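Visitor: Okay, so here is query_28.cif, and as you'll see once you scroll down, it has mmCIF, C-alpha atoms; chains and numbers go by the auth columns.
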data_structure
loop_
_atom_site.group_PDB
_atom_site.id
_atom_site.type_symbol
_atom_site.label_atom_id
_atom_site.label_comp_id
_atom_site.label_asym_id
_atom_site.label_seq_id
_atom_site.Cartn_x
_atom_site.Cartn_y
_atom_site.Cartn_z
_atom_site.B_iso_or_equiv
_atom_site.auth_seq_id
_atom_site.auth_asym_id
ATOM 1 C CA MET A 1 0.000 0.000 0.000 0.00 41 O
ATOM 2 C CA GLU A 2 2.835 2.381 0.930 0.00 42 O
ATOM 3 C CA ASN A 3 4.624 1.680 -2.377 0.00 43 O
ATOM 4 C CA THR A 4 1.415 2.379 -4.242 0.00 44 O
ATOM 5 C CA PHE A 5 1.010 5.712 -2.444 0.00 45 O
ATOM 6 C CA ASP A 6 4.637 6.638 -3.158 0.00 46 O
ATOM 7 C CA GLU A 7 4.133 5.832 -6.831 0.00 47 O
ATOM 8 C CA PHE A 8 1.030 8.022 -6.840 0.00 48 O
ATOM 9 C CA LEU A 9 2.972 10.915 -5.304 0.00 49 O
ATOM 10 C CA ILE A 10 5.778 10.512 -7.854 0.00 50 O
ATOM 11 C CA LYS A 11 3.275 10.459 -10.691 0.00 51 O
ATOM 12 C CA ARG A 12 1.498 13.578 -9.404 0.00 52 O
ATOM 13 C CA ARG A 13 4.828 15.369 -8.884 0.00 53 O
ATOM 14 C CA HIS A 14 5.799 14.497 -12.457 0.00 54 O
ATOM 15 C CA GLU A 15 2.485 15.861 -13.757 0.00 55 O
ATOM 16 C CA TRP A 16 2.899 19.085 -11.761 0.00 56 O
ATOM 17 C CA ASN A 17 6.441 19.510 -13.078 0.00 57 O
ATOM 18 C CA ASN A 18 5.210 19.111 -16.668 0.00 58 O
ATOM 19 C CA THR A 19 2.427 21.611 -16.019 0.00 59 O
ATOM 20 C CA ALA A 20 4.879 24.082 -14.493 0.00 60 O
ATOM 21 C CA ILE A 21 7.226 23.778 -17.488 0.00 61 O
ATOM 22 C CA LYS A 22 4.381 24.334 -19.957 0.00 62 O
ATOM 23 C CA PHE A 23 3.084 27.314 -17.982 0.00 63 O
ATOM 24 C CA SER A 24 6.578 28.811 -17.829 0.00 64 O
ATOM 25 C CA LEU A 25 6.975 28.461 -21.590 0.00 65 O
ATOM 26 C CA VAL A 26 3.620 30.147 -22.182 0.00 66 O
ATOM 27 C CA MET A 27 4.499 33.008 -19.828 0.00 67 O
ATOM 28 C CA LEU A 28 7.882 33.388 -21.528 0.00 68 O
ATOM 29 C CA GLY A 29 6.106 33.731 -24.866 0.00 69 O
ATOM 30 C CA VAL A 30 3.747 36.331 -23.388 0.00 70 O
ATOM 31 C CA LEU A 31 6.621 38.340 -21.936 0.00 71 O
ATOM 32 C CA LEU A 32 8.557 38.249 -25.212 0.00 72 O
ATOM 33 C CA CYS A 33 5.522 39.447 -27.166 0.00 73 O
ATOM 34 C CA SER A 34 4.881 42.202 -24.612 0.00 74 O
ATOM 35 C CA TYR A 35 8.488 43.340 -24.872 0.00 75 O
ATOM 36 C CA TYR A 36 8.395 43.217 -28.682 0.00 76 O
ATOM 37 C CA VAL A 37 5.362 45.538 -28.906 0.00 77 O
ATOM 38 C CA GLY A 38 6.817 47.996 -26.407 0.00 78 O
ATOM 39 C CA LEU A 39 4.551 47.279 -23.451 0.00 79 O
ATOM 40 C CA PHE A 40 7.526 47.616 -21.098 0.00 80 O
ATOM 41 C CA ASP A 41 8.689 50.907 -22.629 0.00 81 O
ATOM 42 C CA ILE A 42 7.957 53.000 -19.535 0.00 82 O
ATOM 43 C CA SER A 43 9.434 56.233 -20.928 0.00 83 O
ATOM 44 C CA ARG A 44 7.274 56.080 -24.041 0.00 84 O
ATOM 45 C CA LEU A 45 4.168 55.288 -22.030 0.00 85 O
ATOM 46 C CA SER A 46 4.850 58.105 -19.577 0.00 86 O
ATOM 47 C CA ASP A 47 5.347 60.579 -22.450 0.00 87 O
ATOM 48 C CA GLY A 48 1.800 59.838 -23.619 0.00 88 O
ATOM 49 C CA VAL A 49 0.186 60.567 -20.250 0.00 89 O
ATOM 50 C CA PRO A 50 0.123 64.412 -20.600 0.00 90 O
ATOM 51 C CA SER A 51 -1.454 64.157 -24.075 0.00 91 O
ATOM 52 C CA LEU A 52 -4.039 61.727 -22.787 0.00 92 O
ATOM 53 C CA ILE A 53 -4.885 63.973 -19.837 0.00 93 O
ATOM 54 C CA SER A 54 -5.189 66.958 -22.178 0.00 94 O
ATOM 55 C CA LEU A 55 -7.502 65.036 -24.491 0.00 95 O
ATOM 56 C CA MET A 56 -9.655 63.895 -21.588 0.00 96 O
ATOM 57 C CA GLY A 57 -9.914 67.502 -20.454 0.00 97 O
ATOM 58 C CA GLU A 58 -11.209 68.538 -23.878 0.00 98 O
ATOM 59 C CA MET A 59 -13.918 65.855 -23.657 0.00 99 O
ATOM 60 C CA ILE A 60 -15.374 67.275 -20.442 0.00 100 O
ATOM 61 C CA PRO A 61 -18.193 68.178 -20.058 0.00 101 O
ATOM 62 C CA PRO A 62 -20.012 65.941 -22.576 0.00 102 O
ATOM 63 C CA ASP A 63 -22.195 67.877 -25.000 0.00 103 O
ATOM 64 C CA PHE A 64 -25.649 66.331 -25.427 0.00 104 O
ATOM 65 C CA SER A 65 -27.097 69.219 -27.423 0.00 105 O
ATOM 66 C CA GLN A 66 -27.241 67.051 -30.567 0.00 106 O
ATOM 67 C CA ALA A 67 -28.675 64.025 -28.764 0.00 107 O
ATOM 68 C CA LYS A 68 -31.942 64.060 -30.728 0.00 108 O
ATOM 69 C CA ASP A 69 -29.942 63.597 -33.932 0.00 109 O
ATOM 70 C CA TRP A 70 -28.448 60.378 -32.546 0.00 110 O
ATOM 71 C CA ILE A 71 -31.765 58.549 -32.085 0.00 111 O
ATOM 72 C CA LYS A 72 -31.998 57.262 -35.658 0.00 112 O
ATOM 73 C CA PRO A 73 -28.315 56.210 -35.816 0.00 113 O
ATOM 74 C CA LEU A 74 -28.825 54.314 -32.541 0.00 114 O
ATOM 75 C CA LEU A 75 -31.874 52.552 -33.958 0.00 115 O
ATOM 76 C CA ASP A 76 -29.839 51.772 -37.080 0.00 116 O
ATOM 77 C CA THR A 77 -27.122 50.242 -34.903 0.00 117 O
ATOM 78 C CA VAL A 78 -29.594 48.067 -32.972 0.00 118 O
ATOM 79 C CA ALA A 79 -31.314 46.961 -36.176 0.00 119 O
ATOM 80 C CA MET A 80 -27.953 46.256 -37.806 0.00 120 O
ATOM 81 C CA SER A 81 -26.856 44.020 -34.938 0.00 121 O
ATOM 82 C CA ILE A 82 -30.147 42.100 -34.843 0.00 122 O
ATOM 83 C CA ALA A 83 -30.331 41.606 -38.615 0.00 123 O
ATOM 84 C CA GLY A 84 -26.660 40.615 -38.825 0.00 124 O
ATOM 85 C CA THR A 85 -27.054 38.077 -36.018 0.00 125 O
ATOM 86 C CA ALA A 86 -30.223 36.643 -37.574 0.00 126 O
ATOM 87 C CA LEU A 87 -28.446 36.274 -40.922 0.00 127 O
ATOM 88 C CA ALA A 88 -25.507 34.527 -39.250 0.00 128 O
ATOM 89 C CA VAL A 89 -27.659 32.103 -37.239 0.00 129 O
ATOM 90 C CA THR A 90 -29.854 31.233 -40.222 0.00 130 O
ATOM 91 C CA ILE A 91 -26.871 30.234 -42.355 0.00 131 O
ATOM 92 C CA SER A 92 -24.814 28.776 -39.498 0.00 132 O
ATOM 93 C CA ILE A 93 -27.338 26.117 -38.471 0.00 133 O
ATOM 94 C CA PRO A 94 -27.237 24.019 -41.678 0.00 134 O
ATOM 95 C CA LEU A 95 -23.543 24.774 -42.173 0.00 135 O
ATOM 96 C CA ALA A 96 -22.761 23.583 -38.639 0.00 136 O
ATOM 97 C CA PHE A 97 -24.396 20.201 -39.240 0.00 137 O
ATOM 98 C CA LEU A 98 -22.218 19.815 -42.329 0.00 138 O
ATOM 99 C CA ALA A 99 -19.122 20.839 -40.330 0.00 139 O
ATOM 100 C CA ALA A 100 -19.685 18.379 -37.452 0.00 140 O
ATOM 101 C CA HIS A 101 -18.054 14.931 -37.544 0.00 141 O
ATOM 102 C CA ASN A 102 -21.155 13.077 -36.403 0.00 142 O
ATOM 103 C CA THR A 103 -23.674 14.682 -38.806 0.00 143 O
ATOM 104 C CA THR A 104 -21.727 15.486 -41.982 0.00 144 O
ATOM 105 C CA PRO A 105 -22.495 13.284 -45.022 0.00 145 O
ATOM 106 C CA ASN A 106 -18.834 12.599 -45.836 0.00 146 O
ATOM 107 C CA ALA A 107 -15.279 13.796 -45.289 0.00 147 O
ATOM 108 C CA MET A 108 -15.248 16.058 -48.354 0.00 148 O
ATOM 109 C CA VAL A 109 -18.341 17.957 -47.240 0.00 149 O
ATOM 110 C CA TYR A 110 -16.830 18.244 -43.763 0.00 150 O
ATOM 111 C CA ARG A 111 -13.611 19.778 -45.085 0.00 151 O
ATOM 112 C CA VAL A 112 -15.476 22.218 -47.358 0.00 152 O
ATOM 113 C CA ALA A 113 -17.783 23.316 -44.529 0.00 153 O
ATOM 114 C CA ARG A 114 -14.902 23.738 -42.080 0.00 154 O
ATOM 115 C CA GLY A 115 -12.891 25.619 -44.698 0.00 155 O
ATOM 116 C CA THR A 116 -15.816 27.967 -45.299 0.00 156 O
ATOM 117 C CA LEU A 117 -16.141 28.692 -41.581 0.00 157 O
ATOM 118 C CA ASN A 118 -12.394 29.284 -41.264 0.00 158 O
ATOM 119 C CA THR A 119 -12.381 31.655 -44.238 0.00 159 O
ATOM 120 C CA LEU A 120 -15.302 33.745 -42.966 0.00 160 O
ATOM 121 C CA ARG A 121 -13.808 33.845 -39.488 0.00 161 O
ATOM 122 C CA ALA A 122 -10.386 34.909 -40.768 0.00 162 O
ATOM 123 C CA VAL A 123 -11.594 38.085 -42.503 0.00 163 O
ATOM 124 C CA PRO A 124 -12.252 40.886 -39.952 0.00 164 O
ATOM 125 C CA GLU A 125 -15.688 42.494 -40.085 0.00 165 O
ATOM 126 C CA LEU A 126 -14.099 45.897 -40.691 0.00 166 O
ATOM 127 C CA ILE A 127 -12.480 44.639 -43.893 0.00 167 O
ATOM 128 C CA MET A 128 -15.778 43.113 -44.962 0.00 168 O
ATOM 129 C CA GLY A 129 -17.503 46.391 -44.117 0.00 169 O
ATOM 130 C CA ILE A 130 -15.154 48.344 -46.371 0.00 170 O
ATOM 131 C CA LEU A 131 -15.709 45.860 -49.205 0.00 171 O
ATOM 132 C CA PHE A 132 -19.497 45.931 -48.876 0.00 172 O
ATOM 133 C CA VAL A 133 -19.574 49.736 -48.628 0.00 173 O
ATOM 134 C CA ALA A 134 -17.693 49.818 -51.923 0.00 174 O
ATOM 135 C CA ALA A 135 -20.112 47.244 -53.383 0.00 175 O
ATOM 136 C CA VAL A 136 -23.555 48.420 -52.202 0.00 176 O
ATOM 137 C CA GLY A 137 -22.898 51.954 -50.939 0.00 177 O
ATOM 138 C CA PHE A 138 -23.204 53.639 -47.557 0.00 178 O
ATOM 139 C CA GLY A 139 -25.834 52.761 -44.962 0.00 179 O
ATOM 140 C CA ALA A 140 -26.803 49.930 -42.667 0.00 180 O
ATOM 141 C CA LEU A 141 -26.952 47.235 -45.385 0.00 181 O
ATOM 142 C CA PRO A 142 -23.167 46.794 -45.788 0.00 182 O
ATOM 143 C CA GLY A 143 -22.878 46.668 -42.012 0.00 183 O
ATOM 144 C CA VAL A 144 -25.465 43.899 -41.778 0.00 184 O
ATOM 145 C CA LEU A 145 -23.742 41.887 -44.510 0.00 185 O
ATOM 146 C CA ALA A 146 -20.305 42.320 -42.934 0.00 186 O
ATOM 147 C CA LEU A 147 -21.456 41.431 -39.414 0.00 187 O
ATOM 148 C CA GLY A 148 -23.544 38.522 -40.661 0.00 188 O
ATOM 149 C CA LEU A 149 -20.888 36.898 -42.821 0.00 189 O
ATOM 150 C CA HIS A 150 -18.117 37.311 -40.260 0.00 190 O
ATOM 151 C CA SER A 151 -20.385 35.975 -37.518 0.00 191 O
ATOM 152 C CA ILE A 152 -21.104 32.823 -39.533 0.00 192 O
ATOM 153 C CA GLY A 153 -17.471 31.814 -39.068 0.00 193 O
ATOM 154 C CA MET A 154 -17.686 32.003 -35.278 0.00 194 O
ATOM 155 C CA VAL A 155 -21.311 30.997 -34.705 0.00 195 O
ATOM 156 C CA GLY A 156 -21.043 28.068 -37.111 0.00 196 O
ATOM 157 C CA LYS A 157 -17.880 26.840 -35.375 0.00 197 O
ATOM 158 C CA PHE A 158 -19.508 26.929 -31.926 0.00 198 O
ATOM 159 C CA PHE A 159 -22.667 25.274 -33.268 0.00 199 O
ATOM 160 C CA ALA A 160 -20.595 22.497 -34.885 0.00 200 O
ATOM 161 C CA GLU A 161 -18.660 21.848 -31.664 0.00 201 O
ATOM 162 C CA ALA A 162 -21.920 21.667 -29.701 0.00 202 O
ATOM 163 C CA ILE A 163 -23.259 19.140 -32.223 0.00 203 O
ATOM 164 C CA GLU A 164 -20.112 17.019 -31.945 0.00 204 O
ATOM 165 C CA HIS A 165 -20.529 16.751 -28.151 0.00 205 O
ATOM 166 C CA VAL A 166 -24.145 15.552 -28.065 0.00 206 O
ATOM 167 C CA ASP A 167 -25.140 12.432 -26.155 0.00 207 O
ATOM 168 C CA GLU A 168 -25.093 9.544 -28.642 0.00 208 O
ATOM 169 C CA ALA A 169 -27.820 7.549 -26.849 0.00 209 O
ATOM 170 C CA PRO A 170 -30.814 9.456 -28.344 0.00 210 O
ATOM 171 C CA VAL A 171 -29.098 9.428 -31.742 0.00 211 O
ATOM 172 C CA GLU A 172 -28.601 5.659 -31.664 0.00 212 O
ATOM 173 C CA ALA A 173 -32.178 5.175 -30.456 0.00 213 O
ATOM 174 C CA ALA A 174 -33.510 7.186 -33.400 0.00 214 O
ATOM 175 C CA ARG A 175 -31.400 5.184 -35.833 0.00 215 O
ATOM 176 C CA ALA A 176 -32.501 1.903 -34.275 0.00 216 O
ATOM 177 C CA ALA A 177 -36.116 2.972 -34.751 0.00 217 O
ATOM 178 C CA GLY A 178 -35.490 3.309 -38.491 0.00 218 O
ATOM 179 C CA ALA A 179 -35.313 7.098 -38.700 0.00 219 O
ATOM 180 C CA THR A 180 -33.833 8.739 -41.769 0.00 220 O
ATOM 181 C CA PRO A 181 -30.629 10.823 -41.377 0.00 221 O
ATOM 182 C CA LEU A 182 -32.708 14.021 -41.393 0.00 222 O
ATOM 183 C CA GLN A 183 -35.077 12.608 -38.775 0.00 223 O
ATOM 184 C CA VAL A 184 -32.099 11.582 -36.645 0.00 224 O
ATOM 185 C CA ILE A 185 -30.843 15.158 -36.729 0.00 225 O
ATOM 186 C CA MET A 186 -34.263 16.667 -36.016 0.00 226 O
ATOM 187 C CA HIS A 187 -35.206 14.294 -33.170 0.00 227 O
ATOM 188 C CA GLY A 188 -31.881 13.018 -31.830 0.00 228 O
ATOM 189 C CA VAL A 189 -29.433 15.915 -32.223 0.00 229 O
ATOM 190 C CA PHE A 190 -31.266 19.205 -32.604 0.00 230 O
ATOM 191 C CA PRO A 191 -33.238 19.079 -29.312 0.00 231 O
ATOM 192 C CA GLN A 192 -29.965 18.557 -27.422 0.00 232 O
ATOM 193 C CA VAL A 193 -28.117 21.508 -28.943 0.00 233 O
ATOM 194 C CA LEU A 194 -31.004 23.991 -29.207 0.00 234 O
ATOM 195 C CA PRO A 195 -30.405 25.587 -25.758 0.00 235 O
ATOM 196 C CA GLN A 196 -26.686 25.988 -26.522 0.00 236 O
ATOM 197 C CA MET A 197 -27.461 27.441 -29.940 0.00 237 O
ATOM 198 C CA ALA A 198 -29.820 29.959 -28.372 0.00 238 O
ATOM 199 C CA ASP A 199 -27.194 30.901 -25.789 0.00 239 O
ATOM 200 C CA ILE A 200 -24.485 31.318 -28.437 0.00 240 O
ATOM 201 C CA SER A 201 -26.823 33.416 -30.598 0.00 241 O
ATOM 202 C CA VAL A 202 -27.566 35.804 -27.747 0.00 242 O
ATOM 203 C CA TYR A 203 -23.879 36.172 -26.912 0.00 243 O
ATOM 204 C CA ARG A 204 -23.144 36.861 -30.552 0.00 244 O
ATOM 205 C CA TRP A 205 -25.842 39.531 -30.646 0.00 245 O
ATOM 206 C CA GLU A 206 -24.081 41.281 -27.744 0.00 246 O
ATOM 207 C CA TYR A 207 -20.830 41.213 -29.692 0.00 247 O
ATOM 208 C CA ASN A 208 -22.471 42.363 -32.921 0.00 248 O
ATOM 209 C CA PHE A 209 -24.016 45.366 -31.213 0.00 249 O
ATOM 210 C CA ARG A 210 -20.615 46.517 -30.013 0.00 250 O
ATOM 211 C CA ALA A 211 -19.078 45.703 -33.395 0.00 251 O
ATOM 212 C CA SER A 212 -21.821 47.600 -35.236 0.00 252 O
ATOM 213 C CA THR A 213 -20.791 50.815 -33.490 0.00 253 O
ATOM 214 C CA VAL A 214 -17.349 50.377 -35.047 0.00 254 O
ATOM 215 C CA MET A 215 -18.796 49.465 -38.438 0.00 255 O
ATOM 216 C CA GLY A 216 -20.219 52.966 -38.716 0.00 256 O
ATOM 217 C CA MET A 217 -16.698 54.329 -38.816 0.00 257 O
ATOM 218 C CA VAL A 218 -16.156 52.794 -42.263 0.00 258 O
ATOM 219 C CA GLY A 219 -19.394 54.219 -43.641 0.00 259 O
ATOM 220 C CA ALA A 220 -21.772 51.427 -42.670 0.00 260 O
ATOM 221 C CA GLY A 221 -24.142 53.759 -40.837 0.00 261 O
ATOM 222 C CA GLY A 222 -25.244 53.738 -37.222 0.00 262 O
ATOM 223 C CA ILE A 223 -23.977 55.655 -34.221 0.00 263 O
ATOM 224 C CA GLY A 224 -20.392 54.873 -35.154 0.00 264 O
ATOM 225 C CA PHE A 225 -20.781 57.102 -38.203 0.00 265 O
ATOM 226 C CA GLU A 226 -21.742 60.008 -35.914 0.00 266 O
ATOM 227 C CA LEU A 227 -18.802 59.214 -33.641 0.00 267 O
ATOM 228 C CA MET A 228 -16.371 59.248 -36.552 0.00 268 O
ATOM 229 C CA GLY A 229 -17.794 62.558 -37.801 0.00 269 O
ATOM 230 C CA SER A 230 -17.241 64.193 -34.404 0.00 270 O
ATOM 231 C CA LEU A 231 -13.705 62.815 -34.226 0.00 271 O
ATOM 232 C CA ARG A 232 -12.831 64.181 -37.650 0.00 272 O
ATOM 233 C CA ILE A 233 -13.835 67.741 -36.723 0.00 273 O
ATOM 234 C CA MET A 234 -12.296 67.339 -33.240 0.00 274 O
ATOM 235 C CA GLN A 235 -15.552 67.933 -31.369 0.00 275 O
ATOM 236 C CA TYR A 236 -14.361 65.966 -28.371 0.00 276 O
ATOM 237 C CA GLN A 237 -17.273 66.985 -26.129 0.00 277 O
ATOM 238 C CA ASP A 238 -19.625 65.418 -28.673 0.00 278 O
ATOM 239 C CA VAL A 239 -17.343 62.376 -28.777 0.00 279 O
ATOM 240 C CA SER A 240 -17.578 61.871 -25.019 0.00 280 O
ATOM 241 C CA ALA A 241 -21.363 62.281 -25.130 0.00 281 O
ATOM 242 C CA ILE A 242 -21.693 59.693 -27.907 0.00 282 O
ATOM 243 C CA LEU A 243 -19.405 57.297 -26.017 0.00 283 O
ATOM 244 C CA LEU A 244 -21.609 57.637 -22.934 0.00 284 O
ATOM 245 C CA VAL A 245 -24.707 56.941 -25.030 0.00 285 O
ATOM 246 C CA ILE A 246 -23.017 53.853 -26.485 0.00 286 O
ATOM 247 C CA LEU A 247 -22.058 52.727 -22.961 0.00 287 O
ATOM 248 C CA VAL A 248 -25.673 53.026 -21.817 0.00 288 O
ATOM 249 C CA MET A 249 -26.909 51.101 -24.855 0.00 289 O
ATOM 250 C CA VAL A 250 -24.308 48.353 -24.387 0.00 290 O
ATOM 251 C CA THR A 251 -25.368 48.021 -20.740 0.00 291 O
ATOM 252 C CA LEU A 252 -29.034 47.753 -21.753 0.00 292 O
ATOM 253 C CA VAL A 253 -28.238 45.165 -24.435 0.00 293 O
ATOM 254 C CA ASP A 254 -26.150 43.126 -21.981 0.00 294 O
ATOM 255 C CA SER A 255 -28.935 43.220 -19.394 0.00 295 O
ATOM 256 C CA PHE A 256 -31.551 42.193 -21.938 0.00 296 O
ATOM 257 C CA SER A 257 -29.361 39.399 -23.288 0.00 297 O
ATOM 258 C CA GLY A 258 -28.835 38.156 -19.725 0.00 298 O
ATOM 259 C CA TYR A 259 -32.621 38.004 -19.319 0.00 299 O
ATOM 260 C CA LEU A 260 -32.929 36.083 -22.586 0.00 300 O
ATOM 261 C CA ARG A 261 -30.260 33.574 -21.517 0.00 301 O
ATOM 262 C CA LYS A 262 -32.144 32.886 -18.300 0.00 302 O
ATOM 263 C CA ARG A 263 -35.334 32.308 -20.279 0.00 303 O
ATOM 264 C CA PHE A 264 -33.583 29.794 -22.536 0.00 304 O
ATOM 265 C CA LYS A 265 -32.215 27.716 -19.637 0.00 305 O
#
Translate this structure into structure tokens?
Guide:
Amino acid sequence: MENTFDEFLIKRRHEWNNTAIKFSLVMLGVLLCSYYVGLFDISRLSDGVPSLISLMGEMIPPDFSQAKDWIKPLLDTVAMSIAGTALAVTISIPLAFLAAHNTTPNAMVYRVARGTLNTLRAVPELIMGILFVAAVGFGALPGVLALGLHSIGMVGKFFAEAIEHVDEAPVEAARAAGATPLQVIMHGVFPQVLPQMADISVYRWEYNFRASTVMGMVGAGGIGFELMGSLRIMQYQDVSAILLVILVMVTLVDSFSGYLRKRFK
């Protein structure tokens, strides 16, 4: 018994040593990257403090005199985030079933679906926004297309991983009952992943609302367009007011999404 306990201690010590080595290597990589980008350049950082303080002083007090003109851009931003998320979820659901090991028809379809998700996820929404503004013009539409297509890459990936981790018992029961592949998905897989899909969709809506404020800076409409206009003419009091409005809206969206997540549980 004592030898067994000693062997257990040696094994655990070996595991801890391996974990410590791996953690040290990761931290070394983090420190090297931080040094490379100048995060430890104290003199440079301290030189920027006076400019930052001066800029903050110019932003106070916030100027809400143009607040009524921001109502429509705010509504555009909310609508853009909802429409973009809906577009992403609609396309991600069938694509996720094709990109999951346990529901894809064959290996070729799996690789194509995974490659599509990787490609959409690799292109930042800002780049997509610029491309769609050039293609369809200014307004909320290019923002919706950019947010929706980029979101497919992330939402589809999370949906596919949820599908791959379903309990196989209901799936095997459906197959044993003679169900077709589509019926297996609808009755054996989909009910298991629906709560996770709903949760992921709500989280993605939160992200898309914040991202849609940035999309306006490239001409895709919304409150970000107003923010960029104030920055260009150096109306920093308007900038601070718009940022506060965005903060309030983000807080409201987060609170509402939290309520939705509780309802889906």
Visitor: Select, from O:Val118, O:Ala153, O:Val66, O:Ile170, the residue with the minimum atom-to-atom distance to Leu292 in chain O, counting all atoms listed in the file.
Guide: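 Using all atoms listed in the file, Leu292 in chain O sits closest to O:Val118.
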Visitor: How close does range 136-210 of chain O get to range 122-131 of chain O? List, as a tab-separated table, each residue of range 136-210 of chain O within 9 Å, its nearest atom pair and the distance in Å to one decimal, counting all atoms listed in the file.
Guide:
residue	atom	partner	partner_atom	distance
O:Ala136	CA	O:Ile131	CA	8.7
O:Gly183	CA	O:Gly124	CA	7.8
O:Val184	CA	O:Gly124	CA	4.6
O:Leu185	CA	O:Gly124	CA	6.5
O:Ala186	CA	O:Gly124	CA	7.8
O:Leu187	CA	O:Gly124	CA	5.3
O:Gly188	CA	O:Gly124	CA	4.2
O:Leu189	CA	O:Ala128	CA	6.3
O:His190	CA	O:Ala128	CA	8.0
O:Ser191	CA	O:Ala128	CA	5.6
O:Ile192	CA	O:Ala128	CA	4.7
O:Gly193	CA	O:Ala128	CA	8.5
O:Val195	CA	O:Val129	CA	6.9
O:Gly196	CA	O:Val129	CA	7.8
Visitor: With all atoms listed in the file as the atoms that count, which of O:Ala162, O:Val293, O:Leu234, O:Met268 lies nearest to Phe249 in chain O?
Guide: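 So, comparing all the options, the nearest one is O:Val293.
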Visitor: From the options O:Leu135, O:Ala213, O:Cys73, O:Ala147, which residue's atoms come nearest to Lys197 in chain O, counting all atoms listed in the file?
Guide: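 Nearest candidate to Lys197 in chain O out of O:Leu135, O:Ala213, O:Cys73, O:Ala147: O:Leu135.
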Visitor: Show which residues sit within 12 Å of Met274 in chain O, as a list of chain:residue names. Count only C-alpha atoms, and ignore same-chain residues fewer than 5 positions away.
Guide: O:Leu95, O:Glu98, O:Met99, O:Leu267, O:Met268, O:Gly269, O:Val279, O:Ser280
Visitor: May I have the residues from that selection written out with C-alpha atoms, as a CSV table (one decimal), in the frame of the given file?
Guide:
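again_32.csv, written as the output of this step:
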chain,number,residue,atom,x,y,z
O,95,LEU,CA,-7.5,65.0,-24.5
O,98,GLU,CA,-11.2,68.5,-23.9
O,99,MET,CA,-13.9,65.9,-23.7
O,267,LEU,CA,-18.8,59.2,-33.6
O,268,MET,CA,-16.4,59.2,-36.6
O,269,GLY,CA,-17.8,62.6,-37.8
O,279,VAL,CA,-17.3,62.4,-28.8
O,280,SER,CA,-17.6,61.9,-25.0
Visitor: Need the shell around Leu284 in chain O: protein/DNA/RNA residues with any atom at most 12 Å away, counting all atoms listed in the file. Skip same-chain ones fewer than 2 positions apart. Format as a ChimeraX atom specification?
Guide: /O:99-104,107,263,267,277-282,286-291
Visitor: Which of these, O:Gly298, O:Thr143, O:Val173, O:Glu266, has the shortest distance to Asp109 in chain O once you count only C-alpha atoms?
Guide: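 Of the candidates, the smallest distance to Asp109 in chain O is held by O:Glu266.
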Visitor: Compare O:Pro90, O:Gly69, O:Pro210, O:Pro113 by their minimum atom-to-atom distance to Gly262 in chain O, counting all atoms listed in the file, and give me the closest one.
Guide: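 Between O:Pro90, O:Gly69, O:Pro210, O:Pro113, the residue approaching Gly262 in chain O most closely is O:Pro113.
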Visitor: Taking all atoms listed in the file into account, which of O:Gln232, O:Asp116, O:Val285, O:Phe198 comes nearest Val211 in chain O?
Guide: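 The answer is O:Gln232, which sits nearest to Val211 in chain O.
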Visitor: Give me the residues within 10 Å of Gly169 in chain O as a PyMOL selection string, counting all atoms listed in the file and dropping any in the same chain fewer than 2 places off.
Guide: chain O and resi 164-167+171-175+178+181-187+190+252+254-260
Visitor: Rounded to one decimal place, report the CA of Ala180 in chain O-CA of Gly261 in chain O distance in Å.
Guide: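 Interatomic distance, CA of Ala180 in chain O to CA of Gly261 in chain O: 5.0 Å.
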Visitor: For the atom pair CA of Met194 in chain O and CA of Arg161 in chain O, what is the interatomic distance in Å to one decimal place?
Guide: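 That distance, rounded to one decimal, is 6.0 Å.
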Visitor: Rounded to one decimal in Å, what is the spacing between CA of Phe296 in chain O and CA of Trp110 in chain O?
Guide: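 Interatomic distance here is 21.3 Å.
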Visitor: Find the residues near range 240-242 of chain O: any atom within 8 Å, counting only C-alpha atoms, skip ones fewer than 2 places away on the same chain, and give them as a list in words.
Guide: Thr125, Val129, Val195, Phe198, Phe199, Gln236, Met237, Ala238, Arg244, Trp245, Glu246, Ser297, Leu300 and Arg301 of chain O
Visitor: Could you turn the residues from that selection into a file that holds C-alpha atoms, as a compact mmCIF listing (two decimals), keeping the file's coordinate frame?
Guide:
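And here's out_27.txt as it stands now:
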# COMPACT_ATOMS: atom_id res chain seq x y z
CA THR O 125 -27.05 38.08 -36.02
CA VAL O 129 -27.66 32.10 -37.24
CA VAL O 195 -21.31 31.00 -34.70
CA PHE O 198 -19.51 26.93 -31.93
CA PHE O 199 -22.67 25.27 -33.27
CA GLN O 236 -26.69 25.99 -26.52
CA MET O 237 -27.46 27.44 -29.94
CA ALA O 238 -29.82 29.96 -28.37
CA ARG O 244 -23.14 36.86 -30.55
CA TRP O 245 -25.84 39.53 -30.65
CA GLU O 246 -24.08 41.28 -27.74
CA SER O 297 -29.36 39.40 -23.29
CA LEU O 300 -32.93 36.08 -22.59
CA ARG O 301 -30.26 33.57 -21.52
Visitor: Which residues match the PyMOL selection byres ((chain O and resi 142) around 10) in the file above, as a list in words?
Guide: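 So the PyMOL selection byres ((chain O and resi 142) around 10), applied here, picks out Phe137, Leu138, Ala139, Ala140, His141, Thr143, Thr144, Pro145, Asn146, Tyr150, Ala200, Ile203, Glu204, His205, Val206, Glu208, Val211, Ile225 and Val229 of chain O.
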Visitor: Would you please take range 83-93 of chain O of the structure in the block above and write C-alpha atoms to a file as an mmCIF file, in the first residue's frame?
Guide:
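Once everything was written out, this is part-v7.cif:
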data_model
loop_
_atom_site.group_PDB
_atom_site.id
_atom_site.type_symbol
_atom_site.label_atom_id
_atom_site.label_comp_id
_atom_site.auth_asym_id
_atom_site.auth_seq_id
_atom_site.Cartn_x
_atom_site.Cartn_y
_atom_site.Cartn_z
ATOM 1 C CA SER O 83 9.434 56.233 -20.928
ATOM 2 C CA ARG O 84 7.274 56.080 -24.041
ATOM 3 C CA LEU O 85 4.168 55.288 -22.030
ATOM 4 C CA SER O 86 4.850 58.105 -19.577
ATOM 5 C CA ASP O 87 5.347 60.579 -22.450
ATOM 6 C CA GLY O 88 1.800 59.838 -23.619
ATOM 7 C CA VAL O 89 0.186 60.567 -20.250
ATOM 8 C CA PRO O 90 0.123 64.412 -20.600
ATOM 9 C CA SER O 91 -1.454 64.157 -24.075
ATOM 10 C CA LEU O 92 -4.039 61.727 -22.787
ATOM 11 C CA ILE O 93 -4.885 63.973 -19.837
#
